[in-house]
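Coordinates from structure38.pdb are shown below (PDB, C-alpha atoms, pLDDT in the B column).
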```pdb
ATOM      1  CA  MET A   1      67.893   9.460 -29.193  1.00 93.00           C
ATOM      2  CA  PRO A   2      67.891   6.491 -26.784  1.00 97.00           C
ATOM      3  CA  VAL A   3      65.047   3.991 -27.037  1.00 98.00           C
ATOM      4  CA  VAL A   4      64.463   1.696 -24.058  1.00 98.00           C
ATOM      5  CA  ILE A   5      62.299  -1.387 -24.606  1.00 98.00           C
ATOM      6  CA  ILE A   6      60.768  -3.113 -21.583  1.00 97.00           C
ATOM      7  CA  GLU A   7      59.180  -6.532 -21.948  1.00 96.00           C
ATOM      8  CA  SER A   8      57.244  -7.493 -18.865  1.00 92.00           C
ATOM      9  CA  ASN A   9      54.061  -8.800 -17.363  1.00 87.00           C
ATOM     10  CA  LYS A  10      51.050  -6.496 -17.397  1.00 90.00           C
ATOM     11  CA  ILE A  11      51.090  -3.612 -14.922  1.00 93.00           C
ATOM     12  CA  ASN A  12      48.564  -0.873 -14.235  1.00 96.00           C
ATOM     13  CA  THR A  13      48.777   2.597 -15.738  1.00 97.00           C
ATOM     14  CA  GLU A  14      50.029   4.238 -12.542  1.00 98.00           C
ATOM     15  CA  LYS A  15      52.940   1.770 -12.340  1.00 97.00           C
ATOM     16  CA  LYS A  16      53.709   2.443 -16.026  1.00 97.00           C
ATOM     17  CA  ARG A  17      53.858   6.190 -15.329  1.00 98.00           C
ATOM     18  CA  GLU A  18      56.275   5.593 -12.459  1.00 98.00           C
ATOM     19  CA  LEU A  19      58.402   3.213 -14.536  1.00 98.00           C
ATOM     20  CA  VAL A  20      58.563   5.559 -17.540  1.00 98.00           C
ATOM     21  CA  LYS A  21      59.421   8.559 -15.359  1.00 98.00           C
ATOM     22  CA  SER A  22      62.212   6.764 -13.493  1.00 98.00           C
ATOM     23  CA  ILE A  23      63.780   5.151 -16.536  1.00 98.00           C
ATOM     24  CA  THR A  24      63.583   8.394 -18.507  1.00 98.00           C
ATOM     25  CA  GLU A  25      65.339  10.324 -15.727  1.00 98.00           C
ATOM     26  CA  ILE A  26      68.217   7.861 -15.334  1.00 98.00           C
ATOM     27  CA  THR A  27      68.645   7.317 -19.077  1.00 98.00           C
ATOM     28  CA  ALA A  28      68.790  11.055 -19.763  1.00 98.00           C
ATOM     29  CA  LYS A  29      71.300  11.518 -16.929  1.00 98.00           C
ATOM     30  CA  ILE A  30      73.606   8.742 -18.139  1.00 98.00           C
ATOM     31  CA  TYR A  31      73.445   9.817 -21.792  1.00 98.00           C
ATOM     32  CA  GLU A  32      73.699  13.496 -20.801  1.00 98.00           C
ATOM     33  CA  LEU A  33      70.689  14.318 -22.968  1.00 98.00           C
ATOM     34  CA  PRO A  34      67.408  16.139 -22.366  1.00 98.00           C
ATOM     35  CA  GLU A  35      64.624  13.907 -21.059  1.00 98.00           C
ATOM     36  CA  ASP A  36      62.466  14.657 -24.083  1.00 98.00           C
ATOM     37  CA  THR A  37      64.923  12.735 -26.291  1.00 98.00           C
ATOM     38  CA  VAL A  38      64.302   9.438 -24.441  1.00 98.00           C
ATOM     39  CA  THR A  39      61.663   7.038 -25.759  1.00 98.00           C
ATOM     40  CA  ILE A  40      60.315   4.181 -23.623  1.00 98.00           C
ATOM     41  CA  LEU A  41      58.398   1.263 -25.163  1.00 98.00           C
ATOM     42  CA  ILE A  42      56.524  -1.143 -22.887  1.00 98.00           C
ATOM     43  CA  LYS A  43      55.588  -4.524 -24.324  1.00 97.00           C
ATOM     44  CA  GLU A  44      53.273  -6.433 -22.038  1.00 96.00           C
ATOM     45  CA  LEU A  45      53.522 -10.196 -22.249  1.00 94.00           C
ATOM     46  CA  GLU A  46      50.617 -12.553 -21.662  1.00 91.00           C
ATOM     47  CA  LYS A  47      51.355 -15.427 -19.263  1.00 89.00           C
ATOM     48  CA  GLU A  48      50.523 -17.978 -21.969  1.00 90.00           C
ATOM     49  CA  ASN A  49      53.214 -16.462 -24.213  1.00 92.00           C
ATOM     50  CA  VAL A  50      56.092 -16.960 -21.766  1.00 90.00           C
ATOM     51  CA  GLY A  51      57.830 -20.252 -21.043  1.00 91.00           C
ATOM     52  CA  VAL A  52      59.888 -20.848 -17.888  1.00 91.00           C
ATOM     53  CA  GLY A  53      61.530 -24.166 -17.098  1.00 93.00           C
ATOM     54  CA  GLY A  54      59.683 -25.968 -19.885  1.00 94.00           C
ATOM     55  CA  LYS A  55      56.231 -24.799 -18.779  1.00 92.00           C
ATOM     56  CA  LEU A  56      54.017 -21.902 -19.733  1.00 92.00           C
ATOM     57  CA  LEU A  57      53.950 -19.162 -17.135  1.00 89.00           C
ATOM     58  CA  SER A  58      50.153 -19.425 -17.132  1.00 88.00           C
ATOM     59  CA  GLU A  59      50.560 -23.005 -15.832  1.00 91.00           C
ATOM     60  CA  ILE A  60      52.953 -21.949 -13.088  1.00 89.00           C
ATOM     61  CA  ILE A  61      51.212 -18.835 -11.757  1.00 82.00           C
ATOM     62  CA  GLU A  62      47.584 -18.883 -10.761  1.00 67.00           C
ATOM     63  CA  LYS A  63      45.455 -16.373 -12.624  1.00 52.00           C
TER      64      LYS A  63
END
```
Taking this structure as input, can you express it in the form of structure tokens?
Amino acid sequence: MPVVIIESNKINTEKKRELVKSITEITAKIYELPEDTVTILIKELEKENVGVGGKLLSEIIEK
């Protein structure tokens, strides 16, 4: 059973549905497994918990 973990900025529920659907379809196709065997985990990261180039993302991107 494939498990796909996505770590990303926050996105709305509709975008999550689209993301989960697309990744499930392609993962099932590549693994040659039924779609109901694919698990997708989305971990949303807060801007203050991500560092880029020595700075917090919250300092780089306006809120």
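Take the candidates A:Val52, A:Ile42, A:Leu57, A:Val20 and check each one against Ile5 in chain A using all atoms listed in the file; the shortest distance goes to A:Ile42.
When CA of Leu41 in chain A is paired with CA of Leu19 in chain A, their separation reads 10.8 Å.
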Using all atoms listed in the file: which of A:Ser58, A:Thr13, A:Thr39, A:Ser8 has the shortest distance to Glu25 in chain A: A:Thr39
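Picture a line from CA of Ile23 in chain A to CA of Val38 in chain A; it runs 9.0 Å.
The spacing separating CA of Glu46 in chain A from CA of Arg17 in chain A amounts to 20.0 Å.
Here the question is which of A:Leu56, A:Met1, A:Ile40, A:Ile61 gets nearest to Lys21 in chain A using all atoms listed in the file, and that residue is A:Ile40.
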From A:Ala28, A:Leu45, A:Ile60, A:Leu33, residue lying nearest Asn9 in chain A [only C-alpha atoms]: A:Leu45
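If you measure from each of A:Glu32, A:Lys16, A:Thr24, A:Lys10 to Lys47 in chain A using only C-alpha atoms, the closest one turns out to be A:Lys10.
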Of the listed residues A:Gly53, A:Lys15, A:Lys43, A:Thr37, that which approaches Val3 in chain A most closely, counting all atoms listed in the file: A:Thr37
From the coordinates I just gave you, please extract range 2-52 of chain A so that only N, CA and C atoms remain, then output it as a CSV table (one decimal), in the first residue's frame.
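selection00.csv written:
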```
chain,number,residue,atom,x,y,z
A,2,PRO,N,0.9,2.0,-1.1
A,2,PRO,CA,1.7,3.2,-1.1
A,2,PRO,C,1.2,4.3,-0.2
A,3,VAL,N,2.1,5.0,0.5
A,3,VAL,CA,1.7,6.2,1.3
A,3,VAL,C,2.5,7.3,0.7
A,4,VAL,N,1.8,8.4,0.3
A,4,VAL,CA,2.5,9.6,-0.2
A,4,VAL,C,2.3,10.7,0.8
A,5,ILE,N,3.4,11.3,1.3
A,5,ILE,CA,3.4,12.4,2.2
A,5,ILE,C,3.7,13.7,1.5
A,6,ILE,N,2.9,14.7,1.7
A,6,ILE,CA,3.1,16.0,1.1
A,6,ILE,C,3.3,17.0,2.2
A,7,GLU,N,4.4,17.7,2.2
A,7,GLU,CA,4.6,18.8,3.1
A,7,GLU,C,4.6,20.1,2.4
A,8,SER,N,3.7,21.0,2.7
A,8,SER,CA,3.5,22.2,1.9
A,8,SER,C,2.9,23.3,2.8
A,9,ASN,N,2.8,24.5,2.1
A,9,ASN,CA,2.0,25.6,2.7
A,9,ASN,C,0.6,25.2,2.8
A,10,LYS,N,-0.2,26.0,3.6
A,10,LYS,CA,-1.6,25.7,3.7
A,10,LYS,C,-2.3,26.0,2.4
A,11,ILE,N,-3.3,25.1,2.0
A,11,ILE,CA,-4.1,25.3,0.9
A,11,ILE,C,-5.6,25.0,1.3
A,12,ASN,N,-6.5,25.5,0.5
A,12,ASN,CA,-7.9,25.3,0.9
A,12,ASN,C,-8.4,23.9,0.6
A,13,THR,N,-9.5,23.5,1.1
A,13,THR,CA,-10.1,22.2,1.0
A,13,THR,C,-10.3,21.7,-0.4
A,14,GLU,N,-10.8,22.6,-1.3
A,14,GLU,CA,-11.0,22.3,-2.7
A,14,GLU,C,-9.7,21.9,-3.4
A,15,LYS,N,-8.6,22.7,-3.1
A,15,LYS,CA,-7.3,22.4,-3.7
A,15,LYS,C,-6.8,21.0,-3.1
A,16,LYS,N,-7.0,20.7,-1.9
A,16,LYS,CA,-6.6,19.5,-1.3
A,16,LYS,C,-7.3,18.3,-2.0
A,17,ARG,N,-8.6,18.5,-2.3
A,17,ARG,CA,-9.4,17.4,-3.0
A,17,ARG,C,-8.7,17.1,-4.3
A,18,GLU,N,-8.4,18.2,-5.1
A,18,GLU,CA,-7.8,18.1,-6.4
A,18,GLU,C,-6.5,17.4,-6.3
A,19,LEU,N,-5.7,17.8,-5.3
A,19,LEU,CA,-4.3,17.3,-5.2
A,19,LEU,C,-4.4,15.8,-4.8
A,20,VAL,N,-5.3,15.4,-3.9
A,20,VAL,CA,-5.4,14.0,-3.5
A,20,VAL,C,-5.9,13.2,-4.6
A,21,LYS,N,-6.9,13.7,-5.4
A,21,LYS,CA,-7.4,12.9,-6.5
A,21,LYS,C,-6.3,12.7,-7.6
A,22,SER,N,-5.6,13.7,-7.9
A,22,SER,CA,-4.6,13.6,-9.0
A,22,SER,C,-3.4,12.7,-8.5
A,23,ILE,N,-2.9,12.9,-7.3
A,23,ILE,CA,-1.8,12.0,-6.9
A,23,ILE,C,-2.2,10.6,-6.7
A,24,THR,N,-3.5,10.4,-6.2
A,24,THR,CA,-4.0,9.0,-6.1
A,24,THR,C,-4.0,8.3,-7.4
A,25,GLU,N,-4.6,9.0,-8.4
A,25,GLU,CA,-4.7,8.4,-9.8
A,25,GLU,C,-3.3,8.0,-10.4
A,26,ILE,N,-2.4,8.9,-10.3
A,26,ILE,CA,-1.1,8.6,-10.9
A,26,ILE,C,-0.3,7.6,-10.1
A,27,THR,N,-0.4,7.6,-8.8
A,27,THR,CA,0.3,6.6,-8.0
A,27,THR,C,-0.3,5.2,-8.2
A,28,ALA,N,-1.6,5.1,-8.3
A,28,ALA,CA,-2.2,3.8,-8.5
A,28,ALA,C,-1.8,3.3,-9.9
A,29,LYS,N,-1.8,4.2,-10.9
A,29,LYS,CA,-1.4,3.8,-12.2
A,29,LYS,C,0.0,3.3,-12.3
A,30,ILE,N,1.0,4.0,-11.7
A,30,ILE,CA,2.4,3.6,-11.7
A,30,ILE,C,2.6,2.3,-10.9
A,31,TYR,N,2.0,2.2,-9.8
A,31,TYR,CA,2.1,1.0,-9.0
A,31,TYR,C,1.3,-0.2,-9.5
A,32,GLU,N,0.4,0.1,-10.4
A,32,GLU,CA,-0.6,-0.9,-10.9
A,32,GLU,C,-1.4,-1.5,-9.8
A,33,LEU,N,-2.0,-0.6,-9.0
A,33,LEU,CA,-2.8,-1.0,-7.8
A,33,LEU,C,-4.1,-0.3,-7.9
A,34,PRO,N,-5.1,-0.8,-7.2
A,34,PRO,CA,-6.4,-0.1,-7.1
A,34,PRO,C,-6.2,1.2,-6.4
A,35,GLU,N,-7.0,2.2,-6.7
A,35,GLU,CA,-6.8,3.6,-6.1
A,35,GLU,C,-7.1,3.5,-4.6
A,36,ASP,N,-8.0,2.6,-4.2
A,36,ASP,CA,-8.3,2.5,-2.7
A,36,ASP,C,-7.2,2.0,-1.9
A,37,THR,N,-6.0,1.6,-2.5
A,37,THR,CA,-4.9,1.2,-1.7
A,37,THR,C,-3.9,2.3,-1.5
A,38,VAL,N,-4.1,3.5,-2.1
A,38,VAL,CA,-3.2,4.6,-2.0
A,38,VAL,C,-3.7,5.5,-0.8
A,39,THR,N,-2.7,5.9,0.0
A,39,THR,CA,-3.0,6.8,1.1
A,39,THR,C,-2.2,8.1,0.9
A,40,ILE,N,-2.8,9.2,1.1
A,40,ILE,CA,-2.2,10.5,0.9
A,40,ILE,C,-2.2,11.3,2.3
A,41,LEU,N,-1.1,11.7,2.7
A,41,LEU,CA,-1.0,12.5,4.0
A,41,LEU,C,-0.6,13.9,3.6
A,42,ILE,N,-1.3,14.9,4.0
A,42,ILE,CA,-0.9,16.3,3.8
A,42,ILE,C,-0.6,17.0,5.1
A,43,LYS,N,0.7,17.4,5.2
A,43,LYS,CA,1.2,18.1,6.4
A,43,LYS,C,1.3,19.6,6.0
A,44,GLU,N,0.5,20.4,6.6
A,44,GLU,CA,0.6,21.9,6.3
A,44,GLU,C,1.6,22.5,7.2
A,45,LEU,N,2.5,23.3,6.6
A,45,LEU,CA,3.5,24.0,7.4
A,45,LEU,C,3.2,25.4,7.5
A,46,GLU,N,3.4,25.9,8.8
A,46,GLU,CA,3.2,27.3,9.0
A,46,GLU,C,4.5,28.1,8.5
A,47,LYS,N,4.3,29.3,8.1
A,47,LYS,CA,5.4,30.1,7.5
A,47,LYS,C,6.5,30.3,8.5
A,48,GLU,N,6.1,30.4,9.8
A,48,GLU,CA,7.2,30.6,10.9
A,48,GLU,C,7.9,29.3,11.2
A,49,ASN,N,7.6,28.2,10.6
A,49,ASN,CA,8.3,27.0,10.8
A,49,ASN,C,9.1,26.5,9.7
A,50,VAL,N,9.3,27.4,8.7
A,50,VAL,CA,10.1,27.1,7.5
A,50,VAL,C,11.2,28.2,7.4
A,51,GLY,N,12.4,27.7,7.2
A,51,GLY,CA,13.5,28.6,6.9
A,51,GLY,C,14.0,28.5,5.5
A,52,VAL,N,14.2,29.6,4.9
A,52,VAL,CA,14.8,29.7,3.5
A,52,VAL,C,15.8,30.7,3.5
```
